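> Dumping the structure here so I can ask a few things about it.
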Amino acid sequence: MDGYAVRVADVAGATEEFPAVLTVIGDVAAGADGLPEVGPGQAARIMTGAPLPPGAEAVVPVEWTDGGTGGERPPA
């Protein structure tokens, strides 16, 4: 699924009222090599079929995020 590869500890307890705020460190496409390592407070944009980068444990669907707009949700 398209979304953000994250560390579970960074998003545990996040809500719409109190969202997790992470720094996006790069993109991961299907078939990608040289994956970015996701560290504390970071996320990587990930496309459907892409491998989970090192350090990431889960993918947050893009629909559950602000799409990187800093709080402004994209139109549905």
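In the structure tokens, the first chain shown is A, the next is B, and so on; residue numbers restart at 1 for each chain, and ligands run from 1 in the order shown.
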Please identify all polymer residues within 9 Å of region 39-44 of chain A, counting only C-alpha atoms, omitting same-chain residues fewer than 3 positions from it, and present them as a list of chain:residue names.
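Non-adjacent residues within range: A:Gly3, A:Tyr4, A:Ala5, A:Val6, A:Arg7, A:Ala9, A:Asp10, A:Ala20, A:Val21, A:Leu22, A:Thr23, A:Val24, A:Ile25, A:Gly26, A:Asp27, A:Val28, A:Pro36, A:Pro53, A:Pro54, A:Gly55, A:Ala56.
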> Could those selected residues go to a file with N, CA and C atoms, as a short mmCIF file (atom, residue, chain, number, x, y, z; two decimals), in the first residue's frame?

```cif
data_model
loop_
_atom_site.label_atom_id
_atom_site.label_comp_id
_atom_site.auth_asym_id
_atom_site.auth_seq_id
_atom_site.Cartn_x
_atom_site.Cartn_y
_atom_site.Cartn_z
N GLY A 3 2.03 4.68 1.40
CA GLY A 3 1.97 5.27 2.73
C GLY A 3 3.33 5.68 3.20
N TYR A 4 3.54 5.54 4.51
CA TYR A 4 4.79 5.93 5.14
C TYR A 4 5.29 4.78 6.00
N ALA A 5 6.52 4.35 5.75
CA ALA A 5 7.16 3.31 6.56
C ALA A 5 7.64 3.98 7.84
N VAL A 6 7.26 3.40 8.98
CA VAL A 6 7.53 4.03 10.27
C VAL A 6 8.01 3.01 11.29
N ARG A 7 8.53 3.52 12.40
CA ARG A 7 8.81 2.70 13.58
C ARG A 7 7.56 2.74 14.46
N ALA A 9 7.14 2.55 17.64
CA ALA A 9 7.29 3.41 18.81
C ALA A 9 6.99 4.87 18.49
N ASP A 10 7.22 5.28 17.24
CA ASP A 10 7.01 6.69 16.87
C ASP A 10 5.55 7.04 16.62
N ALA A 20 1.26 11.95 15.30
CA ALA A 20 2.72 11.80 15.30
C ALA A 20 3.25 12.72 14.21
N VAL A 21 4.32 13.42 14.50
CA VAL A 21 4.96 14.30 13.52
C VAL A 21 6.36 13.74 13.27
N LEU A 22 6.58 13.28 12.04
CA LEU A 22 7.83 12.62 11.68
C LEU A 22 8.48 13.32 10.50
N THR A 23 9.79 13.21 10.41
CA THR A 23 10.54 13.77 9.29
C THR A 23 10.61 12.72 8.18
N VAL A 24 10.18 13.07 6.98
CA VAL A 24 10.24 12.16 5.85
C VAL A 24 11.65 12.23 5.26
N ILE A 25 12.32 11.06 5.25
CA ILE A 25 13.73 11.03 4.86
C ILE A 25 13.96 10.55 3.42
N GLY A 26 12.90 10.15 2.74
CA GLY A 26 13.09 9.70 1.36
C GLY A 26 11.92 8.88 0.86
N ASP A 27 12.08 8.37 -0.34
CA ASP A 27 11.03 7.58 -1.00
C ASP A 27 11.54 6.17 -1.25
N VAL A 28 10.62 5.19 -1.18
CA VAL A 28 10.95 3.80 -1.48
C VAL A 28 9.97 3.31 -2.53
N PRO A 36 16.63 3.77 2.38
CA PRO A 36 17.00 4.63 3.50
C PRO A 36 16.71 3.91 4.81
N PRO A 53 11.86 -0.61 4.40
CA PRO A 53 13.25 -0.23 4.62
C PRO A 53 13.72 -0.62 6.03
N PRO A 54 15.04 -0.74 6.21
CA PRO A 54 15.58 -1.07 7.52
C PRO A 54 15.13 -0.07 8.58
N GLY A 55 14.81 -0.58 9.76
CA GLY A 55 14.38 0.27 10.87
C GLY A 55 12.88 0.45 10.93
N ALA A 56 12.19 0.30 9.80
CA ALA A 56 10.73 0.45 9.78
C ALA A 56 10.08 -0.87 10.17
#
```
> Give the alpha helix (DSSP H) residues of chain A, as assigned by DSSP on the backbone, as a PyMOL selection string.
chain A and resi 8-11
> Pick the closest to Leu52 (chain A) from A:Val11, A:Gly67, A:Phe18, A:Glu37: which is it, counting only C-alpha atoms?
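Ranked by minimum distance to Leu52 (chain A), first place goes to A:Glu37.
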